[in-house]
$ cat model_39.csv   # CSV, C-alpha atoms
chain,number,residue,atom,x,y,z
F,16,MET,CA,8.4,-21.0,-6.2
F,17,LEU,CA,6.4,-23.0,-3.6
F,18,MET,CA,2.7,-22.6,-3.6
F,19,PRO,CA,1.4,-20.7,-0.5
F,20,VAL,CA,-0.9,-22.3,2.0
F,21,ALA,CA,-3.7,-20.0,0.8
F,22,VAL,CA,-4.1,-22.1,-2.3
F,23,THR,CA,-5.4,-25.0,-0.3
F,24,GLN,CA,-7.7,-22.7,1.8
F,25,GLN,CA,-9.8,-21.3,-1.0
F,26,GLU,CA,-13.1,-22.2,0.5
F,27,ARG,CA,-12.4,-20.7,3.9
F,28,ILE,CA,-11.0,-17.6,2.3
F,29,ARG,CA,-14.1,-17.2,0.2
F,30,ALA,CA,-16.4,-17.6,3.3
F,31,GLU,CA,-14.4,-15.1,5.3
F,32,VAL,CA,-14.4,-12.5,2.5
F,33,ARG,CA,-18.2,-12.9,2.2
F,34,GLU,CA,-18.6,-12.3,5.9
F,35,VAL,CA,-16.5,-9.1,5.7
F,36,GLU,CA,-18.5,-8.0,2.6
F,37,ALA,CA,-21.8,-8.6,4.4
F,38,ALA,CA,-20.7,-6.8,7.6
F,39,LEU,CA,-19.6,-3.7,5.8
F,40,ARG,CA,-22.6,-3.2,3.6
F,41,PRO,CA,-23.8,-0.7,2.3
F,42,ASP,CA,-20.4,1.0,2.1
F,43,VAL,CA,-18.9,-2.1,0.6
F,44,VAL,CA,-20.8,-3.3,-2.5
F,45,ARG,CA,-18.6,-6.4,-3.2
F,46,ILE,CA,-15.2,-7.8,-2.7
F,47,ARG,CA,-13.4,-9.8,-5.4
F,48,TYR,CA,-10.0,-11.3,-5.1
F,49,SER,CA,-7.4,-13.4,-6.9
F,50,MET,CA,-4.0,-14.9,-6.0
F,51,GLY,CA,-0.7,-14.7,-7.8
F,52,GLU,CA,2.8,-13.3,-7.7
F,53,ASP,CA,3.2,-9.6,-7.2
F,54,TRP,CA,5.6,-7.3,-9.1
F,55,SER,CA,8.5,-8.5,-6.9
F,56,GLY,CA,7.7,-12.3,-7.3
F,57,GLN,CA,6.2,-12.8,-3.9
F,58,TRP,CA,2.9,-14.6,-3.4
F,59,ALA,CA,0.0,-12.2,-2.9
F,60,ILE,CA,-3.7,-11.9,-2.6
F,61,PHE,CA,-5.2,-9.0,-4.6
F,62,PHE,CA,-8.5,-7.7,-3.2
F,63,ARG,CA,-10.7,-5.6,-5.5
F,64,VAL,CA,-13.2,-3.8,-3.5
F,65,VAL,CA,-16.2,-2.0,-5.0
F,66,LEU,CA,-17.5,0.8,-2.7
F,67,SER,CA,-20.8,2.7,-2.8
F,68,ASP,CA,-20.3,6.1,-4.5
F,69,ASP,CA,-21.1,7.8,-1.2
F,70,ALA,CA,-18.4,5.9,0.6
F,71,ALA,CA,-15.8,6.3,-2.1
F,72,LYS,CA,-16.5,10.0,-2.5
F,73,ASN,CA,-17.0,11.1,1.1
F,74,ARG,CA,-15.4,8.5,3.4
F,75,LEU,CA,-12.7,6.7,1.4
F,76,ARG,CA,-9.9,6.7,4.0
F,77,GLN,CA,-12.1,5.5,6.8
F,78,VAL,CA,-14.0,2.9,4.8
F,79,ALA,CA,-10.9,1.6,3.0
F,80,ASN,CA,-9.0,1.3,6.3
F,81,ASN,CA,-11.9,-0.5,7.8
F,82,VAL,CA,-12.0,-3.1,5.0
F,83,VAL,CA,-8.2,-3.6,5.3
F,84,GLN,CA,-8.5,-4.1,9.1
F,85,ARG,CA,-11.5,-6.4,8.9
F,86,LEU,CA,-10.0,-8.7,6.3
F,87,GLY,CA,-6.8,-8.8,8.4
F,88,GLU,CA,-8.8,-9.9,11.4
F,89,HIS,CA,-10.6,-12.6,9.5
F,90,LEU,CA,-7.6,-13.9,7.6
F,91,ASP,CA,-4.1,-14.5,8.9
F,92,PHE,CA,-2.1,-13.6,5.8
F,93,ASP,CA,1.2,-14.5,7.3
F,94,ALA,CA,0.0,-18.0,8.0
F,95,LEU,CA,-1.6,-18.2,4.5
F,96,GLY,CA,1.7,-17.2,3.0
F,97,VAL,CA,0.4,-14.3,0.9
F,98,PHE,CA,0.8,-10.5,1.1
F,99,PRO,CA,-2.6,-8.7,0.9
F,100,TYR,CA,-3.1,-5.9,-1.5
F,101,HIS,CA,-6.3,-3.9,-1.5
F,102,ASN,CA,-7.6,-1.7,-4.3
F,103,PHE,CA,-10.8,0.3,-4.3
F,104,ARG,CA,-13.2,1.6,-6.9
F,105,SER,CA,-16.6,3.3,-6.7
F,106,GLU,CA,-19.7,1.7,-8.2
F,107,SER,CA,-19.9,4.5,-10.9
F,108,GLU,CA,-16.2,3.9,-11.8
F,109,GLN,CA,-16.8,0.2,-12.2
F,110,ALA,CA,-19.9,0.9,-14.3
F,111,ALA,CA,-17.8,3.0,-16.6
F,112,SER,CA,-15.0,0.5,-16.8
F,113,ARG,CA,-17.0,-2.7,-16.9
F,114,GLU,CA,-13.9,-4.6,-15.9
F,115,GLU,CA,-14.9,-8.3,-15.4
F,116,ALA,CA,-12.5,-8.9,-12.6
F,117,TRP,CA,-14.3,-6.4,-10.5
F,118,ALA,CA,-17.9,-7.5,-11.4
K,27,MET,CA,12.8,15.9,4.4
K,28,ALA,CA,11.7,18.8,2.2
K,29,TYR,CA,12.1,16.8,-1.0
K,30,ALA,CA,9.6,14.2,0.2
K,31,ASP,CA,7.2,16.9,1.3
K,32,ASP,CA,7.6,18.6,-2.1
K,33,LEU,CA,6.9,15.3,-3.9
K,34,PHE,CA,3.8,14.8,-1.8
K,35,ARG,CA,2.5,18.2,-2.8
K,36,ASP,CA,3.3,17.5,-6.4
K,37,ALA,CA,1.2,14.3,-6.2
K,38,GLN,CA,-1.7,16.3,-4.7
K,39,HIS,CA,-1.3,18.8,-7.5
K,40,LEU,CA,-1.3,16.1,-10.2
K,41,ALA,CA,-4.4,14.5,-8.6
K,42,LYS,CA,-6.3,17.7,-9.1
K,43,ARG,CA,-5.1,18.4,-12.6
K,44,GLY,CA,-7.7,18.2,-15.3
K,45,GLY,CA,-10.7,18.7,-12.9
K,46,LYS,CA,-13.5,16.3,-13.7
K,47,HIS,CA,-11.8,15.1,-16.8
K,48,PRO,CA,-8.3,14.3,-15.9
K,49,LYS,CA,-5.8,12.7,-18.3
K,50,GLN,CA,-4.8,9.2,-17.5
K,51,SER,CA,-1.2,10.3,-17.5
K,52,SER,CA,-1.9,12.8,-14.7
K,53,LEU,CA,-3.6,10.1,-12.6
K,54,GLN,CA,-0.7,7.7,-13.2
K,55,ARG,CA,1.9,10.4,-12.3
K,56,ALA,CA,0.0,11.2,-9.2
K,57,VAL,CA,0.0,7.6,-8.0
K,58,SER,CA,3.7,7.2,-8.9
K,59,THR,CA,4.7,10.5,-7.2
K,60,ALA,CA,2.8,9.6,-4.0
K,61,TYR,CA,4.9,6.5,-3.8
K,62,TYR,CA,8.1,8.4,-4.4
K,63,ALA,CA,7.2,10.9,-1.7
K,64,ALA,CA,7.0,8.0,0.8
K,65,PHE,CA,10.2,6.4,-0.6
K,66,HIS,CA,12.2,9.6,-0.3
K,67,LEU,CA,10.8,10.2,3.2
K,68,LEU,CA,12.4,6.9,4.3
K,69,VAL,CA,15.6,7.4,2.3
K,70,ALA,CA,16.2,10.9,3.7
K,71,ASP,CA,16.0,9.6,7.2
K,72,PHE,CA,18.4,6.8,6.5
K,73,VAL,CA,21.0,8.9,4.8
K,74,ALA,CA,20.7,11.7,7.4
K,75,ASN,CA,22.6,9.5,9.7
K,76,TRP,CA,25.6,9.4,7.4
K,77,ARG,CA,28.3,11.8,8.7
K,78,ILE,CA,29.5,13.2,5.3
K,79,PRO,CA,26.7,15.3,3.8
K,80,GLU,CA,28.0,15.3,0.2
K,81,GLN,CA,27.9,11.5,0.2
K,82,ARG,CA,24.2,11.3,1.2
K,83,ALA,CA,22.7,11.5,-2.2
K,84,ARG,CA,25.0,8.8,-3.4
K,85,LEU,CA,24.0,6.6,-0.5
K,86,GLY,CA,20.3,7.2,-1.2
K,87,ARG,CA,20.7,5.9,-4.7
K,88,MET,CA,21.7,2.5,-3.2
K,89,PHE,CA,18.2,1.9,-2.1
K,90,GLU,CA,16.4,-0.8,-4.1
K,91,HIS,CA,12.7,-0.8,-4.4
K,92,ARG,CA,12.4,-4.6,-4.4
K,93,ARG,CA,14.6,-4.9,-1.3
K,94,MET,CA,12.6,-2.3,0.6
K,95,SER,CA,9.3,-4.2,0.4
K,96,GLY,CA,11.1,-7.6,0.9
K,97,ALA,CA,12.5,-6.7,4.3
K,98,VAL,CA,11.1,-9.0,6.9
K,99,PHE,CA,9.6,-7.6,10.0
K,100,GLU,CA,8.7,-10.0,12.8
K,101,THR,CA,7.0,-9.0,16.0
K,102,GLY,CA,8.3,-10.4,19.3
K,103,ASP,CA,4.9,-11.9,20.2
K,104,LYS,CA,2.8,-12.5,17.1
K,105,HIS,CA,-0.4,-12.5,19.1
K,106,ASN,CA,0.4,-9.6,21.3
K,107,PRO,CA,2.4,-7.1,19.4
K,108,THR,CA,3.6,-3.9,21.1
K,109,PRO,CA,2.0,-0.6,20.0
K,110,ILE,CA,5.2,0.4,18.1
K,111,GLU,CA,5.3,-3.0,16.3
K,112,VAL,CA,1.7,-2.4,15.2
K,113,GLU,CA,2.6,1.0,13.9
K,114,ILE,CA,5.6,-0.4,11.9
K,115,LYS,CA,3.6,-3.3,10.5
K,116,SER,CA,0.9,-0.8,9.4
K,117,LEU,CA,3.6,1.4,7.8
K,118,ILE,CA,5.1,-1.6,5.9
K,119,ALA,CA,1.6,-2.6,4.6
K,120,LYS,CA,0.8,0.9,3.3
K,121,PHE,CA,4.3,1.4,1.8
K,122,THR,CA,4.1,-2.0,0.1
K,123,GLN,CA,0.7,-1.3,-1.3
K,124,LEU,CA,2.0,2.1,-2.7
K,125,GLN,CA,4.9,0.3,-4.2
K,126,LYS,CA,2.7,-2.2,-6.1
K,127,ASP,CA,0.4,0.7,-7.3
K,128,ARG,CA,3.5,2.7,-8.4
K,129,TYR,CA,4.8,-0.3,-10.3
K,130,GLU,CA,1.4,-0.5,-12.2
K,131,ALA,CA,1.3,3.2,-12.7
K,132,ASP,CA,4.8,3.2,-14.2
K,133,TYR,CA,4.7,0.0,-16.3
K,134,ASN,CA,1.1,-1.1,-17.0
K,135,VAL,CA,-0.1,1.3,-19.6
K,136,ALA,CA,-3.3,-0.8,-20.2
K,137,LYS,CA,-4.6,-0.1,-16.8
K,138,ILE,CA,-7.4,2.5,-16.5
K,139,TRP,CA,-6.9,4.8,-13.5
K,140,PHE,CA,-9.8,6.3,-11.5
K,141,HIS,CA,-10.1,9.1,-9.1
K,142,THR,CA,-10.5,6.6,-6.2
K,143,ASP,CA,-7.2,5.0,-7.1
K,144,VAL,CA,-5.5,8.3,-6.8
K,145,VAL,CA,-7.2,9.5,-3.6
K,146,ARG,CA,-6.3,6.2,-2.0
K,147,ALA,CA,-2.7,6.5,-3.0
K,148,LEU,CA,-2.5,10.0,-1.5
K,149,ASP,CA,-4.2,8.7,1.7
K,150,LEU,CA,-1.7,5.9,2.0
K,151,ALA,CA,1.3,8.2,1.4
K,152,ASP,CA,-0.1,10.7,4.0
K,153,GLU,CA,-0.5,7.9,6.5
K,154,VAL,CA,3.1,6.7,5.8
K,155,PHE,CA,4.3,10.2,6.5
K,156,LYS,CA,2.3,10.4,9.7
K,157,ILE,CA,3.3,7.0,11.1
K,158,TRP,CA,7.0,7.4,10.2
K,159,ARG,CA,7.1,10.8,11.9
K,160,ARG,CA,5.7,9.2,15.0
K,161,VAL,CA,8.0,6.2,15.1
K,162,ARG,CA,11.2,7.3,13.4
K,163,LYS,CA,13.1,7.9,16.6
K,164,GLU,CA,12.3,4.4,17.9
K,165,LYS,CA,15.1,1.8,17.8
K,166,LEU,CA,12.8,-0.8,16.2
K,167,ALA,CA,11.9,1.6,13.4
K,168,GLN,CA,15.5,2.5,12.7
K,169,HIS,CA,16.4,-1.2,12.7
K,170,HIS,CA,13.7,-1.9,10.2
K,171,LEU,CA,14.9,1.0,8.0
K,172,MET,CA,18.3,-0.7,7.9
K,173,SER,CA,16.6,-3.9,6.9
K,174,MET,CA,14.9,-2.1,4.1
K,175,PHE,CA,18.3,-0.9,3.0
K,176,GLY,CA,19.4,-4.5,2.8
K,177,ALA,CA,21.3,-4.9,6.2
K,178,ARG,CA,20.5,-8.3,7.8
K,179,GLN,CA,19.3,-8.4,11.4
K,180,ASN,CA,21.6,-11.4,12.3

$ encode --input "model_39.csv" --output "structure tokens"
Amino acid sequence: MLMPVAVTQQERIRAEVREVEAALRPDVVRIRYSMGEDWSGQWAIFFRVVLSDDAAKNRLRQVANNVVQRLGEHLDFDALGVFPYHNFRSESEQAASREEAWA
Amino acid sequence: MAYADDLFRDAQHLAKRGGKHPKQSSLQRAVSTAYYAAFHLLVADFVANWRIPEQRARLGRMFEHRRMSGAVFETGDKHNPTPIEVEIKSLIAKFTQLQKDRYEADYNVAKIWFHTDVVRALDLADEVFKIWRRVRKEKLAQHHLMSMFGARQN
């Protein structure tokens, strides 16, 4: 399968993600991501978003939708050739799991 | 669409099972069931248009998960989509996210599931229900539903 344009745009993607991360603090603690093929074999970018406990517990829908929207405004996923997936976790949940990909 | 609604209520029930110490299996089932609720919502609408009621269940089994997320949706003007196009794009994004999460819930037994994963899946399914019920009568929505079923646009 052909590599998506996103592979050549890593620096720009990193910068845009950092901008979104900064704009949404303190609800958003950090945003990590990786690229690869999804379950159906399509190229995708997988965002892993750690939220404050307060945001995850009390305002998950609103904050999560905001993250999705902001990332979509900063990055043209169609042009980058990747489908965006967004998964969320609270700080406490991440502390319990200690999963490196989310650290 | 009673079956889809029942599945959604099942997903909510599974999400609450176990209180503060839920079993991983309950969380996985909740995520998977939230997806199936959205899936059956769309399938029910598609097969409802079939004239012979006793053939509808059979027709519903022809849906393929992979094909549903792979259906292409292009807006007329990429930079200025209509409100209905925005709604359909949003529905596709939420449905596709649910589909990926369901795949992990059903097949990745190594993954640890958290409360946030489950609440998010329920939120997404709820939003798919709400969006679909707003747009389902629109021609564009029905056209995309046919594409999800595998019918080409051209």

$ interface_residues --input "model_39.csv" --of "chain F" --to "chain K" --cutoff "8 Å" --atoms "all atoms listed in the file" --output "PyMOL selection string"
chain F and resi 53-55+71-72+75-76+100-105+108+112

$ atom_distance --input "model_39.csv" --atom1 "atom CA of K:Glu113" --atom2 "atom CA of K:Val161"
7.6 Å

$ atom_distance --input "model_39.csv" --atom1 "atom CA of K:Met172" --atom2 "atom CA of K:Ala60"
22.1 Å

$ residues_around --input "model_39.csv" --residues "F:Ile28" --least-positions-apart "2" --cutoff "12 Å" --atoms "only C-alpha atoms" --output "mmCIF file with C-alpha atoms, in the coordinates of the input"
data_model
loop_
_atom_site.group_PDB
_atom_site.id
_atom_site.type_symbol
_atom_site.label_atom_id
_atom_site.label_comp_id
_atom_site.auth_asym_id
_atom_site.auth_seq_id
_atom_site.Cartn_x
_atom_site.Cartn_y
_atom_site.Cartn_z
ATOM 1 C CA VAL F 20 -0.900 -22.300 2.000
ATOM 2 C CA ALA F 21 -3.700 -20.000 0.800
ATOM 3 C CA VAL F 22 -4.100 -22.100 -2.300
ATOM 4 C CA THR F 23 -5.400 -25.000 -0.300
ATOM 5 C CA GLN F 24 -7.700 -22.700 1.800
ATOM 6 C CA GLN F 25 -9.800 -21.300 -1.000
ATOM 7 C CA GLU F 26 -13.100 -22.200 0.500
ATOM 8 C CA ALA F 30 -16.400 -17.600 3.300
ATOM 9 C CA GLU F 31 -14.400 -15.100 5.300
ATOM 10 C CA VAL F 32 -14.400 -12.500 2.500
ATOM 11 C CA ARG F 33 -18.200 -12.900 2.200
ATOM 12 C CA GLU F 34 -18.600 -12.300 5.900
ATOM 13 C CA VAL F 35 -16.500 -9.100 5.700
ATOM 14 C CA ILE F 46 -15.200 -7.800 -2.700
ATOM 15 C CA ARG F 47 -13.400 -9.800 -5.400
ATOM 16 C CA TYR F 48 -10.000 -11.300 -5.100
ATOM 17 C CA SER F 49 -7.400 -13.400 -6.900
ATOM 18 C CA MET F 50 -4.000 -14.900 -6.000
ATOM 19 C CA ILE F 60 -3.700 -11.900 -2.600
ATOM 20 C CA PHE F 62 -8.500 -7.700 -3.200
ATOM 21 C CA LEU F 86 -10.000 -8.700 6.300
ATOM 22 C CA GLY F 87 -6.800 -8.800 8.400
ATOM 23 C CA HIS F 89 -10.600 -12.600 9.500
ATOM 24 C CA LEU F 90 -7.600 -13.900 7.600
ATOM 25 C CA ASP F 91 -4.100 -14.500 8.900
ATOM 26 C CA PHE F 92 -2.100 -13.600 5.800
ATOM 27 C CA LEU F 95 -1.600 -18.200 4.500
ATOM 28 C CA VAL F 97 0.400 -14.300 0.900
#

$ residues_around --input "model_39.csv" --residues "K:Phe89" --least-positions-apart "5" --cutoff "10 Å" --atoms "all atoms listed in the file" --output "number ranges by chain"
K: 65-66, 68-69, 72, 84, 94, 174-176

$ atom_distance --input "model_39.csv" --atom1 "atom CA of F:Ala79" --atom2 "atom CA of F:Asp42"
9.6 Å

$ axis_aligned_box --input "model_39.csv" --around "stretch 100-113 of chain F" --padding-each-side "4 Å" --output "AutoDock Vina command-line options"
--center_x -11.5 --center_y -0.7 --center_z -9.2 --size_x 24.8 --size_y 18.4 --size_z 23.4
